[in-house]
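Structure data (CSV, C-alpha atoms) from model_9.csv:
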chain,number,residue,atom,x,y,z
A,1,MET,CA,-1.8,-12.6,-11.3
A,2,TYR,CA,1.9,-12.6,-10.5
A,3,LEU,CA,2.6,-11.4,-14.1
A,4,ILE,CA,0.2,-8.4,-13.5
A,5,ALA,CA,2.1,-7.6,-10.3
A,6,GLN,CA,5.4,-7.7,-12.1
A,7,LYS,CA,4.0,-5.5,-14.8
A,8,ASN,CA,2.9,-2.9,-12.2
A,9,ILE,CA,6.2,-2.6,-10.3
A,10,GLN,CA,6.6,1.0,-11.5
A,11,VAL,CA,3.1,1.8,-10.3
A,12,LEU,CA,3.7,0.2,-6.9
A,13,LYS,CA,6.9,2.3,-6.5
A,14,GLN,CA,5.0,5.4,-7.4
A,15,LEU,CA,2.3,4.6,-4.9
A,16,LYS,CA,4.9,3.8,-2.2
A,17,GLU,CA,6.6,7.2,-2.9
A,18,ILE,CA,3.3,9.1,-2.7
A,19,PHE,CA,2.3,7.4,0.5
A,20,THR,CA,5.7,8.0,2.1
A,21,GLN,CA,5.4,11.7,1.3
A,22,LEU,CA,1.8,11.8,2.6
A,23,GLU,CA,2.8,10.1,5.8
A,24,ASP,CA,5.6,12.6,6.3
A,25,LEU,CA,3.2,15.5,5.7
A,26,TYR,CA,0.6,14.1,8.2
A,27,GLU,CA,3.3,13.5,10.8
A,28,SER,CA,4.6,17.1,10.5
A,29,GLU,CA,1.0,18.2,10.6
A,30,GLN,CA,0.7,16.6,14.1
A,31,ASN,CA,3.7,18.7,15.3
A,32,LEU,CA,2.8,22.0,13.6
A,33,SER,CA,-0.3,24.0,13.2
A,34,VAL,CA,-1.9,23.4,9.8
A,35,THR,CA,-0.9,26.0,7.3
A,36,THR,CA,-2.3,26.8,3.9
A,37,GLN,CA,0.9,25.6,2.2
A,38,HIS,CA,0.7,22.3,4.1
A,39,THR,CA,-2.9,21.8,3.0
A,40,ILE,CA,-2.0,22.6,-0.6
A,41,LYS,CA,0.8,20.0,-0.5
A,42,ILE,CA,-1.6,17.3,0.8
A,43,THR,CA,-4.1,18.2,-1.9
A,44,GLU,CA,-1.3,17.9,-4.6
A,45,PHE,CA,-0.3,14.5,-3.3
A,46,CYS,CA,-3.9,13.3,-3.3
A,47,SER,CA,-4.2,14.5,-6.9
A,48,LYS,CA,-1.0,12.6,-7.9
A,49,LEU,CA,-2.5,9.5,-6.1
A,50,THR,CA,-5.8,9.9,-8.0
A,51,ALA,CA,-3.9,10.2,-11.3
A,52,VAL,CA,-1.9,7.1,-10.7
A,53,LEU,CA,-5.0,5.1,-9.7
A,54,HIS,CA,-7.0,6.3,-12.7
A,55,SER,CA,-4.2,5.2,-15.0
A,56,CYS,CA,-4.7,1.6,-13.7
A,57,ARG,CA,-7.1,-1.0,-15.0
A,58,LEU,CA,-9.4,-2.9,-12.7
A,59,GLU,CA,-7.1,-6.0,-12.6
A,60,ASP,CA,-4.2,-3.8,-11.8
A,61,LEU,CA,-6.0,-2.2,-8.8
A,62,ARG,CA,-7.0,-5.6,-7.6
A,63,VAL,CA,-3.4,-6.9,-7.7
A,64,ILE,CA,-2.1,-3.7,-6.0
A,65,TYR,CA,-4.7,-4.1,-3.2
A,66,ALA,CA,-3.6,-7.8,-2.8
A,67,VAL,CA,0.1,-6.7,-2.5
A,68,CYS,CA,-1.0,-4.3,0.3
A,69,SER,CA,-3.0,-7.1,1.9
A,70,ILE,CA,0.0,-9.5,1.8
A,71,GLY,CA,2.3,-6.9,3.3
A,72,ASN,CA,-0.2,-6.2,6.1
A,73,HIS,CA,-1.2,-9.8,6.9
A,74,GLU,CA,1.8,-11.9,6.2
A,75,ARG,CA,4.2,-10.1,8.5
A,76,GLY,CA,4.2,-9.7,12.2
A,77,GLU,CA,4.9,-6.6,14.2
A,78,LYS,CA,6.5,-6.1,17.6
A,79,HIS,CA,5.7,-2.8,19.2
A,80,TYR,CA,8.0,-1.1,21.6
A,81,TYR,CA,5.9,1.5,23.4
A,82,ALA,CA,8.8,2.8,25.5
A,83,ASN,CA,10.5,4.4,22.5
A,84,ASN,CA,7.6,4.3,20.0
A,85,THR,CA,9.1,1.9,17.5
A,86,ILE,CA,8.0,-1.1,15.6
A,87,GLU,CA,10.0,-4.1,14.6
A,88,ILE,CA,8.9,-6.2,11.6
A,89,ILE,CA,8.9,-9.9,12.3
A,90,GLU,CA,9.5,-11.9,9.1
A,91,LEU,CA,7.5,-15.1,9.3
A,92,GLU,CA,8.3,-18.1,7.1
A,93,LEU,CA,5.9,-18.5,4.2
A,94,SER,CA,4.9,-21.8,2.7
A,95,GLU,CA,2.9,-20.4,-0.3
A,96,SER,CA,4.4,-19.3,-3.6
A,97,GLU,CA,3.9,-15.7,-4.8
A,98,GLU,CA,1.0,-16.8,-7.1
A,99,GLU,CA,-0.7,-18.6,-4.3
A,100,LEU,CA,-0.4,-15.6,-1.9
A,101,LEU,CA,-1.9,-13.3,-4.5
A,102,LYS,CA,-4.8,-15.7,-5.1
A,103,LYS,CA,-5.4,-16.1,-1.4
A,104,HIS,CA,-5.4,-12.3,-0.7
A,105,SER,CA,-7.4,-11.4,-3.8
A,106,LYS,CA,-10.2,-13.9,-3.1
A,107,TYR,CA,-12.8,-11.4,-1.9
A,108,ILE,CA,-11.7,-8.3,-3.7
A,109,GLU,CA,-12.9,-9.7,-7.0
A,110,PHE,CA,-16.3,-8.3,-6.1
A,111,LEU,CA,-15.0,-4.7,-5.7
A,112,ASN,CA,-15.2,-2.3,-8.6
A,113,GLU,CA,-12.7,0.4,-9.7
A,114,GLU,CA,-14.4,3.1,-7.7
A,115,GLU,CA,-14.4,1.0,-4.5
A,116,LEU,CA,-10.7,0.1,-4.9
A,117,SER,CA,-9.7,3.7,-5.7
A,118,ASP,CA,-11.7,4.9,-2.6
A,119,PHE,CA,-9.8,2.3,-0.5
A,120,PHE,CA,-6.4,3.8,-1.5
A,121,LEU,CA,-7.6,7.4,-1.3
A,122,SER,CA,-9.0,6.9,2.2
A,123,ARG,CA,-5.6,5.6,3.6
A,124,VAL,CA,-2.7,7.6,4.7
A,125,LYS,CA,-0.4,4.8,6.0
A,126,LEU,CA,0.2,2.2,3.3
A,127,THR,CA,3.9,2.6,2.8
A,128,GLN,CA,4.9,-0.3,5.1
A,129,ASP,CA,2.2,-2.6,3.7
A,130,LEU,CA,3.3,-1.9,0.1
A,131,ASN,CA,7.0,-2.3,1.0
A,132,GLU,CA,6.5,-5.6,2.8
A,133,GLY,CA,4.2,-6.9,0.2
A,134,MET,CA,6.7,-6.1,-2.5
A,135,LYS,CA,9.5,-7.8,-0.5
A,136,ILE,CA,7.4,-10.9,0.1
A,137,LEU,CA,6.5,-11.2,-3.6
A,138,LYS,CA,10.1,-10.5,-4.6
A,139,LEU,CA,9.0,-7.4,-6.6
A,140,ILE,CA,11.8,-5.2,-5.2

Can you turn what I pasted into C-alpha cells?
Amino acid sequence: MYLIAQKNIQVLKQLKEIFTQLEDLYESEQNLSVTTQHTIKITEFCSKLTAVLHSCRLEDLRVIYAVCSIGNHERGEKHYYANNTIEIIELELSESEEELLKKHSKYIEFLNEEELSDFFLSRVKLTQDLNEGMKILKLI
C-alpha cells in the first residue's frame, strides 16, 4: 500500500491544492454575498476535482482516503476559541507507514469507486487532513 501512496504523491498534491482553493472560496463566500463569478469558480474547482478523481483507480482512491484518515485521526488539535486558531499536536506514532495505511484502510475495502469519489466531492475541508497524512507517511 505504501508503494501506491508514493506513486500517488502528485495526485495528493493536486488534491491538496484544489481543496486549499475551495476552502479559500468558501471562506470568502462567508464574508461576501455570493456572486455568479464566485459560483462559477466553485463549479470549476469541483470539475477539476472530479477529473482528478476519475483519473484514479480504485486502489488509488482507497489509499488517498486512508491518507486523509491518517491525517485526521493520528494528530491532535488544540483549539483556541479566543482568537479562532487551531494548533496541531504531533503525537508520537509507534506504527510504520505501511501499518498505518493498513489500519486506516481496513473498512474502506468495502467501498466502491463511486462511494469514494462521493466522499471527496462532498467535502470542502480536507487540506489539513491531506497535509498531515502526507507528513506522517513521509510523502512530502

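Neighbours of stretch 14-29 of chain A closer than or equal to 7 Å, with all atoms listed in the file counted and sequence neighbours fewer than 5 positions away skipped, come out as Val34, Ile42, Phe45, Leu49, Val124, Lys125, Leu126, Thr127 and Leu130 of chain A.
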
Emit the selected residues as a PDB file, in the coordinates of the input, including C-alpha atoms.
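Output below, filename again-v9.pdb:
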ATOM      1  CA  VAL A  34      -1.900  23.400   9.800  1.00  0.00           C
ATOM      2  CA  ILE A  42      -1.600  17.300   0.800  1.00  0.00           C
ATOM      3  CA  PHE A  45      -0.300  14.500  -3.300  1.00  0.00           C
ATOM      4  CA  LEU A  49      -2.500   9.500  -6.100  1.00  0.00           C
ATOM      5  CA  VAL A 124      -2.700   7.600   4.700  1.00  0.00           C
ATOM      6  CA  LYS A 125      -0.400   4.800   6.000  1.00  0.00           C
ATOM      7  CA  LEU A 126       0.200   2.200   3.300  1.00  0.00           C
ATOM      8  CA  THR A 127       3.900   2.600   2.800  1.00  0.00           C
ATOM      9  CA  LEU A 130       3.300  -1.900   0.100  1.00  0.00           C
TER      10      LEU A 130
END

If we count all atoms listed in the file and set the cut-off at 10 Å, which residues sit around A:Glu92, ignoring sequence neighbours fewer than 3 positions away in its own chain? Please answer as a CSV table (one decimal) with C-alpha atoms, in the frame of the given file.
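Full text of selection_20.csv as output:
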chain,number,residue,atom,x,y,z
A,74,GLU,CA,1.8,-11.9,6.2
A,75,ARG,CA,4.2,-10.1,8.5
A,89,ILE,CA,8.9,-9.9,12.3
A,95,GLU,CA,2.9,-20.4,-0.3

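Across A:Met1, A:Ile9, A:Ile88, A:Ile70, the tightest approach to A:Leu139 is made by A:Ile9 when counting all atoms listed in the file.
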
task = Could you check how far atom CA of A:His54 sits from atom CA of A:Phe119, in Å to one decimal?
result = 13.1 Å

task = Find the residues around A:Lys78 up to 12 Å (all atoms listed in the file counted), leave out those fewer than 4 positions away in its own chain, and share them as number ranges by chain.
result = A: 84-90

query = Is there a way to get, as number ranges by chain, all residues within 8 Å of the point (3.8, -14.3, -3.2) in file coordinates, counting all atoms listed in the file?
reply = A: 2, 70, 95-101, 136-138

message = To one decimal place in Å, what is the distance between atom CA of A:Gln128 and atom CA of A:His104?
response = 16.8 Å

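Atom CA of A:Gly133 sits 17.7 Å away from atom CA of A:Tyr107.
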
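Ranking A:Met134, A:Leu93, A:Leu12, A:Ala82 by their shortest atom-to-atom distance to A:Leu61, with all atoms listed in the file included, puts A:Leu12 first.
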
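With all atoms listed in the file as the atoms that count, the minimum distance from A:Gly76 to the choices A:Ile108, A:Leu91, A:Arg62, A:Ile140 is reached by A:Leu91.
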
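Take the candidates A:Ser117, A:Ser122, A:Gln6, A:Asn131 and check each one against A:Thr50 using all atoms listed in the file; the shortest distance goes to A:Ser117.
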
Please write stretch 43-57 of chain A of the preceding block to a file containing all heavy atoms, as a short mmCIF file (atom, residue, chain, number, x, y, z; two decimals), in the first residue's frame?
data_model
loop_
_atom_site.label_atom_id
_atom_site.label_comp_id
_atom_site.auth_asym_id
_atom_site.auth_seq_id
_atom_site.Cartn_x
_atom_site.Cartn_y
_atom_site.Cartn_z
N THR A 43 -17.66 25.83 -9.16
CA THR A 43 -18.01 24.78 -10.12
C THR A 43 -16.77 24.31 -10.87
O THR A 43 -16.60 23.11 -11.11
CB THR A 43 -19.09 25.29 -11.10
OG1 THR A 43 -20.20 25.77 -10.35
CG2 THR A 43 -19.53 24.20 -12.05
N GLU A 44 -15.90 25.25 -11.25
CA GLU A 44 -14.66 24.89 -11.96
C GLU A 44 -13.77 24.02 -11.09
O GLU A 44 -13.22 23.02 -11.56
CB GLU A 44 -13.90 26.15 -12.38
CG GLU A 44 -14.53 26.90 -13.53
CD GLU A 44 -13.82 28.24 -13.81
OE1 GLU A 44 -12.75 28.50 -13.23
OE2 GLU A 44 -14.36 29.00 -14.63
N PHE A 45 -13.63 24.38 -9.82
CA PHE A 45 -12.80 23.58 -8.92
C PHE A 45 -13.40 22.20 -8.69
O PHE A 45 -12.68 21.21 -8.60
CB PHE A 45 -12.55 24.29 -7.59
CG PHE A 45 -11.56 25.42 -7.70
CD1 PHE A 45 -11.93 26.71 -7.39
CD2 PHE A 45 -10.27 25.19 -8.13
CE1 PHE A 45 -11.03 27.75 -7.50
CE2 PHE A 45 -9.34 26.22 -8.23
CZ PHE A 45 -9.72 27.51 -7.92
N CYS A 46 -14.71 22.13 -8.61
CA CYS A 46 -15.38 20.83 -8.47
C CYS A 46 -15.16 19.97 -9.71
O CYS A 46 -14.98 18.75 -9.60
CB CYS A 46 -16.86 21.01 -8.18
SG CYS A 46 -17.18 21.65 -6.53
N SER A 47 -15.14 20.60 -10.88
CA SER A 47 -14.87 19.87 -12.12
C SER A 47 -13.43 19.34 -12.14
O SER A 47 -13.18 18.21 -12.56
CB SER A 47 -15.09 20.76 -13.34
OG SER A 47 -16.43 21.15 -13.42
N LYS A 48 -12.49 20.18 -11.69
CA LYS A 48 -11.09 19.74 -11.60
C LYS A 48 -10.96 18.56 -10.64
O LYS A 48 -10.27 17.58 -10.93
CB LYS A 48 -10.19 20.88 -11.09
CG LYS A 48 -9.88 21.94 -12.09
CD LYS A 48 -8.94 22.97 -11.46
CE LYS A 48 -8.73 24.15 -12.34
NZ LYS A 48 -7.85 25.16 -11.72
N LEU A 49 -11.64 18.67 -9.51
CA LEU A 49 -11.61 17.61 -8.51
C LEU A 49 -12.18 16.31 -9.10
O LEU A 49 -11.59 15.25 -8.94
CB LEU A 49 -12.40 18.04 -7.27
CG LEU A 49 -12.48 17.05 -6.13
CD1 LEU A 49 -11.10 16.70 -5.60
CD2 LEU A 49 -13.34 17.63 -5.01
N THR A 50 -13.28 16.42 -9.80
CA THR A 50 -13.90 15.25 -10.43
C THR A 50 -12.95 14.62 -11.45
O THR A 50 -12.81 13.40 -11.50
CB THR A 50 -15.23 15.64 -11.11
OG1 THR A 50 -16.08 16.22 -10.13
CG2 THR A 50 -15.91 14.45 -11.74
N ALA A 51 -12.28 15.45 -12.24
CA ALA A 51 -11.34 14.94 -13.25
C ALA A 51 -10.17 14.20 -12.59
O ALA A 51 -9.78 13.12 -13.05
CB ALA A 51 -10.82 16.09 -14.10
N VAL A 52 -9.64 14.75 -11.51
CA VAL A 52 -8.54 14.09 -10.81
C VAL A 52 -9.01 12.76 -10.22
O VAL A 52 -8.33 11.75 -10.33
CB VAL A 52 -7.96 15.01 -9.69
CG1 VAL A 52 -6.98 14.26 -8.82
CG2 VAL A 52 -7.29 16.23 -10.30
N LEU A 53 -10.18 12.75 -9.62
CA LEU A 53 -10.69 11.53 -9.01
C LEU A 53 -10.98 10.45 -10.05
O LEU A 53 -10.72 9.26 -9.81
CB LEU A 53 -11.96 11.82 -8.20
CG LEU A 53 -11.76 12.70 -6.96
CD1 LEU A 53 -13.10 13.06 -6.35
CD2 LEU A 53 -10.87 12.02 -5.94
N HIS A 54 -11.50 10.84 -11.21
CA HIS A 54 -11.81 9.86 -12.25
C HIS A 54 -10.56 9.32 -12.93
O HIS A 54 -10.61 8.27 -13.57
CB HIS A 54 -12.77 10.43 -13.28
CG HIS A 54 -14.18 10.55 -12.77
ND1 HIS A 54 -14.91 9.47 -12.32
CD2 HIS A 54 -14.98 11.62 -12.62
CE1 HIS A 54 -16.10 9.86 -11.91
NE2 HIS A 54 -16.17 11.17 -12.07
N SER A 55 -9.43 10.02 -12.76
CA SER A 55 -8.18 9.53 -13.34
C SER A 55 -7.53 8.47 -12.44
O SER A 55 -6.57 7.83 -12.83
CB SER A 55 -7.20 10.68 -13.57
OG SER A 55 -6.72 11.18 -12.34
N CYS A 56 -8.06 8.30 -11.23
CA CYS A 56 -7.51 7.34 -10.26
C CYS A 56 -8.22 6.00 -10.35
O CYS A 56 -9.40 5.93 -10.63
CB CYS A 56 -7.68 7.88 -8.84
SG CYS A 56 -6.77 9.38 -8.51
N ARG A 57 -7.45 4.96 -10.08
CA ARG A 57 -8.02 3.62 -9.98
C ARG A 57 -8.62 3.45 -8.58
O ARG A 57 -8.38 4.26 -7.69
CB ARG A 57 -6.95 2.57 -10.22
CG ARG A 57 -6.33 2.61 -11.60
CD ARG A 57 -5.32 1.50 -11.74
NE ARG A 57 -4.72 1.19 -10.44
CZ ARG A 57 -3.43 0.96 -10.22
NH1 ARG A 57 -2.60 0.99 -11.20
NH2 ARG A 57 -2.98 0.69 -9.02
#
